[in-house]
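Peer 1: So here's coords22.txt, just compact mmCIF, C-alpha atoms:
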# COMPACT_ATOMS: atom_id res chain seq x y z
CA MET R 1 -10.47 -2.41 -24.63
CA GLY R 2 -12.53 -1.76 -21.51
CA THR R 3 -11.53 0.24 -18.46
CA VAL R 4 -8.61 -1.14 -16.48
CA TYR R 5 -9.33 0.70 -13.27
CA HIS R 6 -11.13 -2.28 -11.74
CA GLY R 7 -10.06 -5.89 -11.86
CA GLN R 8 -7.61 -7.57 -14.22
CA PRO R 9 -8.20 -7.45 -17.99
CA TRP R 10 -7.68 -10.44 -20.22
CA PHE R 11 -3.98 -9.73 -20.74
CA GLY R 12 -3.23 -9.98 -17.00
CA GLN R 13 -3.36 -13.78 -16.83
CA ARG R 14 0.33 -14.37 -17.39
CA LEU R 15 1.33 -11.79 -14.76
CA ALA R 16 -1.26 -13.21 -12.39
CA GLU R 17 0.39 -16.63 -12.79
CA LYS R 18 3.76 -15.04 -12.09
CA HIS R 19 2.33 -13.36 -8.99
CA ASP R 20 1.06 -16.75 -7.82
CA PHE R 21 4.62 -18.05 -8.19
CA LEU R 22 5.93 -15.12 -6.16
CA ARG R 23 3.34 -15.78 -3.47
CA GLU R 24 4.38 -19.44 -3.38
CA ARG R 25 7.93 -18.18 -2.83
CA VAL R 26 6.65 -16.03 0.05
CA LEU R 27 5.14 -19.11 1.69
CA MET R 28 8.28 -21.19 1.20
CA ASN R 29 10.48 -18.50 2.73
CA VAL R 30 8.11 -17.96 5.64
CA GLN R 31 8.06 -21.69 6.32
CA GLN R 32 11.84 -21.95 6.16
CA ARG R 33 12.04 -19.12 8.67
CA SER R 34 9.57 -20.76 11.04
CA GLY R 35 10.70 -24.35 10.54
CA SER R 36 7.23 -25.54 9.57
CA GLY R 37 6.46 -28.42 7.25
CA PRO R 38 5.80 -28.44 3.51
CA LEU R 39 2.86 -26.77 1.84
CA VAL R 40 -0.36 -28.70 1.90
CA GLN R 41 -2.82 -25.93 1.03
CA SER R 42 -3.09 -23.05 -1.37
CA PRO R 43 -1.37 -19.84 -0.25
CA ARG R 44 -4.65 -18.06 -0.89
CA SER R 45 -6.43 -20.24 1.64
CA PRO R 46 -6.98 -18.34 4.93
CA SER R 47 -7.54 -21.66 6.71
CA SER R 48 -4.05 -22.93 5.92
CA GLN R 49 -2.19 -23.90 9.12
CA SER R 50 1.21 -23.28 7.53
CA PRO R 51 2.63 -19.74 7.86
CA TYR R 52 1.63 -17.61 4.89
CA LEU R 53 1.92 -14.02 3.69
CA THR R 54 0.20 -12.88 0.48
CA VAL R 55 -0.01 -9.34 -0.88
CA SER R 56 -1.97 -7.89 -3.79
CA VAL R 57 -2.14 -4.41 -5.29
CA SER R 58 -5.49 -3.61 -6.87
CA ASP R 59 -8.24 -1.07 -7.53
CA PRO R 60 -6.29 1.96 -8.77
CA ALA R 61 -8.30 5.16 -8.34
CA LYS R 62 -7.60 8.75 -9.32
CA MET R 63 -7.56 11.13 -6.36
CA GLY R 64 -7.69 14.93 -6.56
CA ASN R 65 -7.55 17.19 -9.57
CA GLY R 66 -5.03 19.15 -11.59
CA VAL R 67 -1.36 19.06 -10.64
CA GLN R 68 -2.27 17.62 -7.21
CA ALA R 69 -3.96 14.57 -8.72
CA TYR R 70 -2.48 11.12 -8.09
CA ILE R 71 -3.41 7.44 -8.26
CA SER R 72 -4.10 5.47 -5.09
CA TYR R 73 -3.99 1.68 -4.81
CA LYS R 74 -5.58 -0.82 -2.49
CA VAL R 75 -2.94 -3.06 -0.91
CA ILE R 76 -4.40 -6.23 0.59
CA THR R 77 -2.30 -8.38 2.93
CA LYS R 78 -3.38 -11.83 4.13
CA THR R 79 -1.24 -13.60 6.69
CA ASN R 80 -1.19 -15.68 9.85
CA LEU R 81 2.24 -14.47 10.97
CA PRO R 82 2.20 -13.36 14.63
CA GLU R 83 4.11 -10.12 13.95
CA TYR R 84 1.17 -8.85 11.89
CA GLU R 85 -1.97 -7.31 13.38
CA GLY R 86 -4.49 -9.77 11.99
CA PRO R 87 -5.34 -12.25 9.22
CA GLU R 88 -6.22 -9.53 6.69
CA LYS R 89 -5.33 -5.89 6.35
CA ILE R 90 -6.40 -3.46 3.63
CA VAL R 91 -4.59 -0.14 3.27
CA ILE R 92 -4.53 2.62 0.66
CA ARG R 93 -1.16 3.52 -0.78
CA ARG R 94 0.11 5.91 -3.44
CA TYR R 95 3.24 5.71 -5.56
CA SER R 96 5.34 7.78 -3.13
CA ASP R 97 4.63 5.19 -0.40
CA PHE R 98 6.19 2.48 -2.57
CA VAL R 99 9.17 4.79 -3.14
CA TRP R 100 9.49 5.21 0.63
CA LEU R 101 9.60 1.45 1.11
CA ARG R 102 12.18 0.97 -1.66
CA ASP R 103 14.44 3.71 -0.26
CA ARG R 104 14.26 2.39 3.31
CA LEU R 105 15.17 -1.12 2.21
CA PHE R 106 18.01 0.14 0.02
CA GLU R 107 19.51 2.04 2.92
CA LYS R 108 19.16 -0.78 5.46
CA TYR R 109 19.92 -3.89 3.40
CA LYS R 110 23.32 -3.27 1.84
CA GLY R 111 24.31 -6.06 -0.52
CA VAL R 112 20.73 -7.08 -1.28
CA PHE R 113 19.35 -6.39 -4.75
CA ILE R 114 16.32 -4.26 -3.93
CA PRO R 115 13.49 -4.84 -6.44
CA PRO R 116 13.01 -1.91 -8.83
CA LEU R 117 9.99 0.33 -9.08
CA PRO R 118 8.32 1.38 -12.34
CA GLU R 119 9.20 4.87 -13.50
CA LYS R 120 7.09 7.86 -12.58
CA SER R 121 5.59 9.32 -15.75
CA THR R 122 6.11 13.05 -16.13
CA VAL R 123 3.97 13.31 -19.26
CA GLU R 124 0.51 14.49 -18.21
CA LYS R 125 -1.41 12.86 -21.08
CA PHE R 126 0.07 9.41 -20.26
CA ARG R 127 0.07 9.68 -16.46
CA PHE R 128 -3.64 8.96 -16.10
CA SER R 129 -4.19 6.79 -19.17
CA ALA R 130 -5.84 3.44 -18.49
CA GLU R 131 -2.95 1.54 -20.04
CA PHE R 132 -0.28 3.33 -17.99
CA ILE R 133 -2.24 2.89 -14.76
CA GLU R 134 -2.67 -0.85 -15.33
CA MET R 135 1.01 -1.28 -16.24
CA ARG R 136 2.03 0.51 -13.07
CA ARG R 137 -0.42 -1.45 -10.91
CA GLN R 138 0.95 -4.75 -12.15
CA ALA R 139 4.55 -3.55 -11.72
CA LEU R 140 3.83 -2.41 -8.16
CA ASP R 141 2.22 -5.78 -7.40
CA VAL R 142 5.35 -7.55 -8.66
CA PHE R 143 7.54 -5.14 -6.66
CA VAL R 144 5.87 -5.75 -3.30
CA ASN R 145 5.62 -9.51 -3.84
CA ARG R 146 9.31 -9.72 -4.68
CA ILE R 147 10.01 -8.08 -1.34
CA ALA R 148 7.56 -10.35 0.48
CA SER R 149 9.16 -13.43 -1.12
CA HIS R 150 12.74 -12.43 -0.24
CA HIS R 151 14.06 -14.28 2.83
CA GLU R 152 15.77 -11.12 4.17
CA LEU R 153 13.45 -8.33 3.06
CA GLN R 154 10.25 -10.08 4.18
CA GLN R 155 11.41 -9.66 7.80
CA SER R 156 11.71 -5.89 7.45
CA GLU R 157 9.87 -3.71 9.94
CA ASP R 158 9.42 -1.17 7.17
CA LEU R 159 7.54 -3.76 5.10
CA ARG R 160 5.18 -4.34 8.03
CA ILE R 161 4.63 -0.58 8.38
CA PHE R 162 3.93 -0.30 4.66
CA LEU R 163 1.44 -3.18 4.73
CA GLN R 164 -0.37 -2.19 7.96
CA ALA R 165 -0.07 1.50 8.87
CA ASP R 166 -3.01 3.81 8.27
CA GLU R 167 -2.69 6.61 5.74
CA GLN R 168 -1.89 9.30 8.33
CA THR R 169 0.88 7.20 9.90
CA MET R 170 2.29 6.43 6.46
CA GLU R 171 2.28 10.10 5.53
CA ARG R 172 4.12 11.00 8.75
CA ALA R 173 6.71 8.30 8.05
CA ARG R 174 7.33 9.77 4.60
CA SER R 175 7.58 13.34 5.87
CA GLN R 176 10.05 12.41 8.63
CA GLU R 177 12.62 11.07 6.17
CA THR R 178 15.84 13.04 6.58
CA GLY R 179 19.56 12.61 6.13
CA ILE R 180 20.72 9.31 4.73
CA PHE R 181 17.20 8.17 3.88
CA LYS R 182 16.86 11.04 1.40
CA LYS R 183 19.52 9.42 -0.74
CA LYS R 184 18.04 7.63 -3.75
CA PRO R 185 19.61 4.67 -5.57
CA ALA R 186 19.85 6.86 -8.67
CA ASP R 187 22.03 9.30 -6.71
CA LEU R 188 24.61 6.56 -6.28
CA MET R 189 25.06 5.93 -9.98
CA GLN R 190 27.49 8.80 -10.40
CA ILE R 191 29.55 7.41 -7.51
CA PHE R 192 29.54 4.06 -9.23
CA LYS R 193 30.73 5.60 -12.50
CA ASP R 194 33.51 7.42 -10.67
CA VAL R 195 34.67 4.24 -8.98
CA GLN R 196 34.62 2.34 -12.25
CA SER R 197 36.41 4.99 -14.28
CA LYS R 198 39.61 3.81 -15.91
CA VAL R 199 40.77 7.34 -16.65
CA SER R 200 43.63 8.51 -14.42
CA ASP R 201 42.52 11.13 -11.93
CA VAL R 202 45.76 12.97 -11.36
CA VAL R 203 44.92 16.59 -10.72
CA LEU R 204 47.16 18.48 -8.30
CA GLY R 205 48.52 15.18 -7.08
CA LYS R 206 45.10 13.69 -6.37
CA GLU R 207 45.14 9.94 -6.91
CA LYS R 208 42.41 7.83 -8.45
CA PRO R 209 40.08 6.26 -5.83
CA VAL R 210 41.18 2.81 -4.78
CA GLU R 211 39.29 -0.06 -6.41
CA GLU R 212 38.67 -3.63 -5.36
CA SER R 213 40.91 -6.04 -7.24
CA ASN R 214 39.02 -9.28 -7.68
CA PRO R 215 38.76 -11.16 -11.02
CA GLU R 216 35.34 -12.64 -10.19
CA TYR R 217 34.05 -9.25 -9.14
CA GLU R 218 35.34 -7.67 -12.35
CA LYS R 219 33.63 -10.43 -14.31
CA LEU R 220 30.36 -9.70 -12.48
CA LYS R 221 30.55 -5.97 -13.23
CA ASN R 222 31.26 -6.58 -16.90
CA TYR R 223 28.36 -9.03 -17.09
CA ILE R 224 25.97 -6.52 -15.48
CA PHE R 225 27.01 -3.73 -17.85
CA GLN R 226 26.61 -5.96 -20.91
CA LEU R 227 23.32 -7.36 -19.65
CA GLU R 228 21.92 -3.86 -19.24
CA ASP R 229 22.94 -2.91 -22.79
CA HIS R 230 21.52 -6.08 -24.35
CA LEU R 231 18.27 -5.94 -22.37
CA ALA R 232 17.77 -2.28 -23.26
CA GLU R 233 18.32 -3.07 -26.94
CA ALA R 234 15.89 -6.01 -26.83
CA GLN R 235 13.31 -3.88 -25.01
CA LYS R 236 13.64 -1.11 -27.62
CA HIS R 237 12.94 -3.53 -30.47
CA ALA R 238 10.13 -5.19 -28.50
CA TYR R 239 8.41 -1.82 -28.30
CA ARG R 240 8.88 -1.41 -32.05
CA LEU R 241 7.06 -4.72 -32.50
CA VAL R 242 4.22 -3.40 -30.34
CA LYS R 243 4.08 -0.23 -32.43
CA ARG R 244 4.14 -2.24 -35.68
CA HIS R 245 1.22 -4.42 -34.54
CA ARG R 246 -0.78 -1.34 -33.60
CA GLU R 247 -0.07 0.41 -36.88
CA LEU R 248 -0.94 -2.70 -38.90
CA GLY R 249 -4.13 -3.13 -36.88
CA GLN R 250 -5.14 0.48 -37.57
CA SER R 251 -4.34 0.08 -41.26
CA LEU R 252 -6.48 -3.05 -41.48
CA SER R 253 -9.34 -1.27 -39.74
CA ASP R 254 -9.15 1.63 -42.19
CA PHE R 255 -8.88 -0.79 -45.11
CA GLY R 256 -11.90 -2.77 -43.89
CA LYS R 257 -14.07 0.36 -43.73
CA ALA R 258 -12.94 1.44 -47.21
CA VAL R 259 -13.70 -1.99 -48.70
CA LYS R 260 -17.16 -2.01 -47.10
CA LEU R 261 -17.92 1.33 -48.74
CA LEU R 262 -16.69 -0.10 -52.02
CA ALA R 263 -19.03 -3.08 -51.56
CA ASN R 264 -22.03 -0.72 -51.53
CA CYS R 265 -21.20 0.25 -55.10
CA GLU R 266 -21.01 -3.30 -56.41
CA GLY R 267 -23.45 -6.05 -57.32
CA ASN R 268 -24.52 -9.02 -55.26
CA VAL R 269 -21.58 -11.41 -55.75
CA LEU R 270 -18.76 -8.90 -55.70
CA GLY R 271 -20.48 -6.74 -53.12
CA LYS R 272 -20.91 -9.66 -50.73
CA ALA R 273 -17.27 -10.69 -51.22
CA PHE R 274 -16.09 -7.15 -50.52
CA THR R 275 -18.35 -6.88 -47.47
CA GLU R 276 -16.91 -10.08 -46.05
CA LEU R 277 -13.38 -8.92 -46.87
CA GLY R 278 -14.01 -5.69 -44.98
CA ALA R 279 -15.48 -7.56 -42.02
CA LYS R 280 -12.51 -9.95 -41.87
CA SER R 281 -10.11 -7.00 -42.01
CA GLU R 282 -11.82 -5.32 -39.07
CA ILE R 283 -11.82 -8.55 -37.06
CA LEU R 284 -8.11 -9.01 -37.75
CA SER R 285 -7.56 -5.38 -36.77
CA ILE R 286 -9.02 -6.11 -33.33
CA LYS R 287 -6.86 -9.22 -33.00
CA LEU R 288 -3.75 -7.22 -33.89
CA GLN R 289 -4.58 -4.53 -31.35
CA LYS R 290 -5.10 -7.16 -28.66
CA GLU R 291 -1.86 -8.87 -29.59
CA ALA R 292 -0.08 -5.51 -29.46
CA HIS R 293 -1.35 -5.02 -25.92
CA HIS R 294 -0.40 -8.59 -25.05
CA LEU R 295 3.11 -7.92 -26.34
CA LEU R 296 3.34 -4.71 -24.35
CA MET R 297 2.26 -6.23 -21.04
CA ASN R 298 3.83 -9.67 -21.29
CA PHE R 299 6.97 -9.11 -23.35
CA GLU R 300 8.10 -5.50 -23.62
CA GLU R 301 7.21 -4.60 -20.03
CA PRO R 302 9.06 -7.60 -18.47
CA LEU R 303 12.15 -6.66 -20.51
CA LYS R 304 11.88 -3.08 -19.27
CA ASP R 305 11.45 -4.38 -15.72
CA TYR R 306 14.74 -6.26 -16.00
CA VAL R 307 16.51 -3.16 -17.30
CA ARG R 308 15.38 -1.49 -14.08
CA ALA R 309 16.47 -4.53 -12.06
CA VAL R 310 19.98 -4.35 -13.52
CA GLN R 311 20.15 -0.66 -12.66
CA SER R 312 19.25 -1.60 -9.09
CA ILE R 313 22.09 -4.12 -9.09
CA LYS R 314 24.46 -1.41 -10.28
CA ALA R 315 23.42 0.74 -7.32
CA THR R 316 24.26 -2.18 -5.00
CA ILE R 317 27.64 -2.54 -6.72
CA ALA R 318 28.23 1.15 -6.03
CA GLU R 319 27.51 0.53 -2.35
CA ARG R 320 30.01 -2.34 -2.36
CA ALA R 321 32.60 -0.01 -3.91
CA ASN R 322 31.91 2.59 -1.21
CA ALA R 323 32.23 -0.03 1.53
CA PHE R 324 35.54 -1.29 0.13
CA ARG R 325 36.92 2.23 -0.18
CA HIS R 326 35.87 3.06 3.39
CA HIS R 327 37.48 -0.12 4.68
CA TYR R 328 40.69 0.60 2.74
CA GLU R 329 40.87 4.22 3.96
CA LEU R 330 40.46 3.13 7.57
CA ALA R 331 43.18 0.50 7.16
CA GLU R 332 45.50 3.18 5.80
CA ALA R 333 44.57 5.54 8.64
CA ILE R 334 45.42 2.82 11.17
CA LYS R 335 48.85 2.35 9.59
CA PHE R 336 49.57 6.08 9.77
CA LYS R 337 48.33 6.23 13.36
CA GLU R 338 50.72 3.39 14.28
CA ILE R 339 53.60 5.38 12.79
CA ASP R 340 52.55 8.46 14.75
CA MET R 341 52.34 6.44 17.96
CA ASN R 342 55.85 5.06 17.46
CA LYS R 343 57.15 8.60 17.04
CA LEU R 344 55.35 9.72 20.20
CA ARG R 345 56.80 6.81 22.15
CA LEU R 346 60.30 7.72 21.04
CA THR R 347 59.82 11.33 22.16
CA ARG R 348 57.87 10.31 25.28
CA SER R 349 55.19 12.78 24.28
CA GLU R 350 52.26 13.57 26.55
CA LYS R 351 50.00 13.11 23.53
CA LEU R 352 50.65 9.36 23.45
CA GLY R 353 47.63 8.52 25.59
CA GLU R 354 45.28 10.48 23.36
CA ALA R 355 46.84 8.90 20.27
CA GLU R 356 46.38 5.40 21.70
CA HIS R 357 42.72 6.16 22.38
CA GLU R 358 42.26 7.37 18.80
CA TYR R 359 44.08 4.27 17.59
CA GLU R 360 41.68 1.95 19.42
CA GLU R 361 38.72 3.82 17.99
CA LEU R 362 40.17 3.52 14.50
CA LYS R 363 40.71 -0.21 14.99
CA ALA R 364 37.12 -0.66 16.10
CA ASP R 365 35.88 1.36 13.12
CA GLY R 366 38.15 -0.63 10.81
CA ALA R 367 36.87 -3.94 12.15
CA GLU R 368 33.28 -2.80 11.71
CA ALA R 369 34.03 -1.60 8.16
CA ALA R 370 35.61 -4.97 7.36
CA ARG R 371 32.55 -6.83 8.69
CA ARG R 372 30.24 -4.56 6.71
CA PHE R 373 32.19 -5.10 3.50
CA ASP R 374 32.37 -8.88 4.03
CA ARG R 375 28.62 -9.00 4.63
CA ILE R 376 27.93 -7.04 1.45
CA VAL R 377 30.16 -9.42 -0.53
CA LYS R 378 28.46 -12.48 0.99
CA LEU R 379 24.98 -11.13 0.29
CA MET R 380 25.85 -10.12 -3.26
CA ASN R 381 27.19 -13.60 -4.00
CA GLU R 382 23.89 -15.06 -2.81
CA GLU R 383 21.84 -12.43 -4.60
CA ILE R 384 23.45 -12.93 -8.00
CA VAL R 385 22.60 -16.65 -7.86
CA ARG R 386 18.99 -15.83 -6.92
CA PHE R 387 18.85 -13.16 -9.64
CA GLN R 388 20.06 -15.56 -12.31
CA GLU R 389 17.51 -18.19 -11.32
CA GLN R 390 14.66 -15.68 -11.32
CA LYS R 391 15.82 -14.13 -14.59
CA THR R 392 15.86 -17.53 -16.28
CA LEU R 393 12.28 -18.14 -15.17
CA ASP R 394 10.98 -14.67 -16.05
CA MET R 395 12.72 -14.39 -19.41
CA GLY R 396 11.61 -17.92 -20.28
CA LEU R 397 8.00 -16.93 -19.55
CA ALA R 398 8.29 -13.67 -21.48
CA PHE R 399 9.76 -15.20 -24.61
CA HIS R 400 7.35 -18.14 -24.42
CA GLU R 401 4.45 -15.69 -24.30
CA PHE R 402 5.94 -13.80 -27.23
CA ALA R 403 6.30 -16.91 -29.40
CA LYS R 404 2.89 -18.26 -28.40
CA GLY R 405 1.20 -14.95 -29.15
CA GLN R 406 2.88 -14.61 -32.53
CA ALA R 407 1.91 -18.19 -33.48
CA ARG R 408 -1.68 -17.58 -32.38
CA LEU R 409 -1.86 -14.34 -34.38
CA ALA R 410 -0.30 -15.90 -37.49
CA ASN R 411 -2.81 -18.77 -37.39
CA SER R 412 -5.72 -16.36 -37.00
CA ILE R 413 -4.57 -14.23 -39.93
CA ALA R 414 -3.96 -17.25 -42.16
CA GLU R 415 -7.33 -18.79 -41.27
CA ALA R 416 -9.19 -15.53 -41.90
CA TRP R 417 -7.68 -14.94 -45.35
CA ARG R 418 -7.95 -18.62 -46.29
CA SER R 419 -11.69 -18.60 -45.61
CA LEU R 420 -12.10 -15.77 -48.12
CA LEU R 421 -10.22 -17.43 -50.97
CA PRO R 422 -13.12 -19.48 -52.41
CA LYS R 423 -15.45 -16.47 -52.66
CA LEU R 424 -12.79 -14.21 -54.12
CA GLU R 425 -11.77 -16.92 -56.60
CA ALA R 426 -15.39 -17.30 -57.61
CA CYS R 427 -15.54 -13.55 -58.31
CA SER R 428 -12.34 -13.60 -60.37
CA SER R 429 -13.53 -16.54 -62.50
CA ALA R 430 -17.05 -15.25 -63.03
Would you mind writing the file out in structure tokens?
Peer 2:
Amino acid sequence: MGTVYHGQPWFGQRLAEKHDFLRERVLMNVQQRSGSGPLVQSPRSPSSQSPYLTVSVSDPAKMGNGVQAYISYKVITKTNLPEYEGPEKIVIRRYSDFVWLRDRLFEKYKGVFIPPLPEKSTVEKFRFSAEFIEMRRQALDVFVNRIASHHELQQSEDLRIFLQADEQTMERARSQETGIFKKKPADLMQIFKDVQSKVSDVVLGKEKPVEESNPEYEKLKNYIFQLEDHLAEAQKHAYRLVKRHRELGQSLSDFGKAVKLLANCEGNVLGKAFTELGAKSEILSIKLQKEAHHLLMNFEEPLKDYVRAVQSIKATIAERANAFRHHYELAEAIKFKEIDMNKLRLTRSEKLGEAEHEYEELKADGAEAARRFDRIVKLMNEEIVRFQEQKTLDMGLAFHEFAKGQARLANSIAEAWRSLLPKLEACSSA
């Protein structure tokens, strides 16, 4: 396999097709926002009169040395939207810039399922391997195009900063992150587990946190938990298939070399048959290694991506639980404040005026909390429908690629061995 630092290797075709679909979605959403007509030209066409926004992540390059080394990516944006600086913008971004964008969107768009990022490898020998770099580049391309194709997220000012700002401005934006923007989605998972716990929390009279009671919501949570488990299990076995293909390919390569050496010791007929057997084994070894890589990029990696997507959904569920709890606590505080005010009225206390002011503030906060919770619920209901539709498409593509690749490999193996049968039969009957 050649270097993957420049361009897309042969196994990137399926993901490239998926990216084209995402870019079509970008165009459709942009047009819906602007009220323009249907598509008449390719989204890659700069001359298209319809609003368009396309993004690509390419040309990974290693920067620096030692522990300070990192991979940079070229992010190319093409658009005719007026809020952007021009028809094409090329910026250099590193992984931490993508993290910045994800965290900003997660904090600002409660209720929206923020697309997941690929993990950051902590193993030095894998961090700069060609395979890992290409996997990450493709995952980052999918990440940013999912954002650009989302009808809410594509309007984000942070997305425009990410796609247009120079490197110094981007670095300042990252370094200025404080307070709530330091919170990561992973930090919310413990909160989510606490909210979901069915174990009574009665310590020194402390009651268990209040939970939203909604059958449909409970059904959604159960579905998400089960989906995560099943996807993780499928992804684990998909990786085992990749490993098996690689091991079989290596074994065939070793076998082919051994048989070729054996052929040198034999006569013309048997020697030629063994030489051809060795050659076929080595050819099949290459096919198995390619199929292993195809499986990794187009089957195992999409499954892993959806495990990450489900974890992102769980973080959004945690935010919904927080919003409900905040709304409930404010409602309870309002009730207690009303009781206090009634007592103050009965005693004609001078503190009544201050209490009434606090009561009005609580009511305003409660109304805002109710609106925030209702918006999260509304967005989540829309998001789960969108997620299911996208999952059906992506999983259909992944399993289709898996079956097609296995059929192609099986045919190649059968054809290769079948072509050897006459010569080997001739040797056995001689």
Peer 1: One decimal, Å: what's the distance from CA of Ala258 in chain R over to CA of Trp417 in chain R, could you say?
Peer 2: 17.3 Å
Peer 1: Which is closest to Gln155 in chain R among R:Glu356, R:Glu368, R:Glu83, R:Glu282, if we use only C-alpha atoms?
Peer 2: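 The closest residue to Gln155 in chain R is R:Glu83.
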Peer 1: Counting all atoms listed in the file, find residues at most 12 Å from (0.7, 8.5, 4.8) (file frame) and give them as a ChimeraX atom specification.
Peer 2: /R:72,91-98,100-101,161-176
Peer 1: Which is closer to Ile147 in chain R than all the others in R:Arg102, R:Lys280, R:Lys108, R:Arg408, using all atoms listed in the file?
Peer 2: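 Residue with the minimum atom-to-atom distance to Ile147 in chain R: R:Arg102.
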Peer 1: Output, as lines of an AutoDock Vina configuration file, the centre and edge lengths in Å (one decimal) of the axis-aligned box that contains all listed atoms of range 412-421 of chain R with 6 Å of margin on each side.
Peer 2:
center_x = -8.0
center_y = -16.5
center_z = -44.0
size_x = 20.1
size_y = 16.6
size_z = 26.0
Peer 1: Would you pick out the contacts of range 393-397 of chain R at 9 Å or less, using only C-alpha atoms, so that residues sharing its chain but fewer than 2 positions from it are not included, and give the list as a list in words?
Peer 2: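 Selected residues are Arg14, Lys18, Asn298, Phe299, Pro302, Leu303, Gln388, Glu389, Gln390, Lys391, Phe399, His400, Glu401 and Phe402 of chain R.
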Peer 1: Counting only C-alpha atoms, which residue out of R:Lys404, R:Arg371, R:His245, R:Arg308 sits closest to Pro115 in chain R?
Peer 2: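 Once distances to Pro115 in chain R are computed over only C-alpha atoms, the minimum belongs to R:Arg308.
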Peer 1: What gap, in Å, lies between CA of Ile376 in chain R and CA of Thr316 in chain R?
Peer 2: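 Atom-to-atom, CA of Ile376 in chain R and CA of Thr316 in chain R are spaced 8.9 Å apart.
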Peer 1: Using only C-alpha atoms for the distances, tell me which of R:Lys89, R:Ile286, R:Lys110, R:Gln138 is nearest to Ser58 in chain R.
Peer 2: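 Distance minimum relative to Ser58 in chain R lands on R:Gln138.
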Peer 1: I'd like the interatomic distance between CA of Gln226 in chain R and CA of His151 in chain R, to a tenth of an Å.
Peer 2: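 CA of His151 in chain R lies 28.1 Å from CA of Gln226 in chain R.
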Peer 1: Between R:Glu228, R:Glu85, R:Phe128, R:Arg348, which has the minimum distance to Val67 in chain R (counting all atoms listed in the file)?
Peer 2: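 Smallest separation from Val67 in chain R among the options: R:Phe128.
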Peer 1: If you count all atoms listed in the file, which residues fall within 12 Å of range 259-275 of chain R, apart from same-chain ones fewer than 2 positions away, as a PyMOL selection string?
Peer 2: chain R and resi 252-257+277-282+419-430
Peer 1: Counting all atoms listed in the file, which residue out of R:Lys236, R:Lys120, R:Lys337, R:Lys290 sits closest to Leu352 in chain R?
Peer 2: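 Using all atoms listed in the file, Leu352 in chain R sits closest to R:Lys337.
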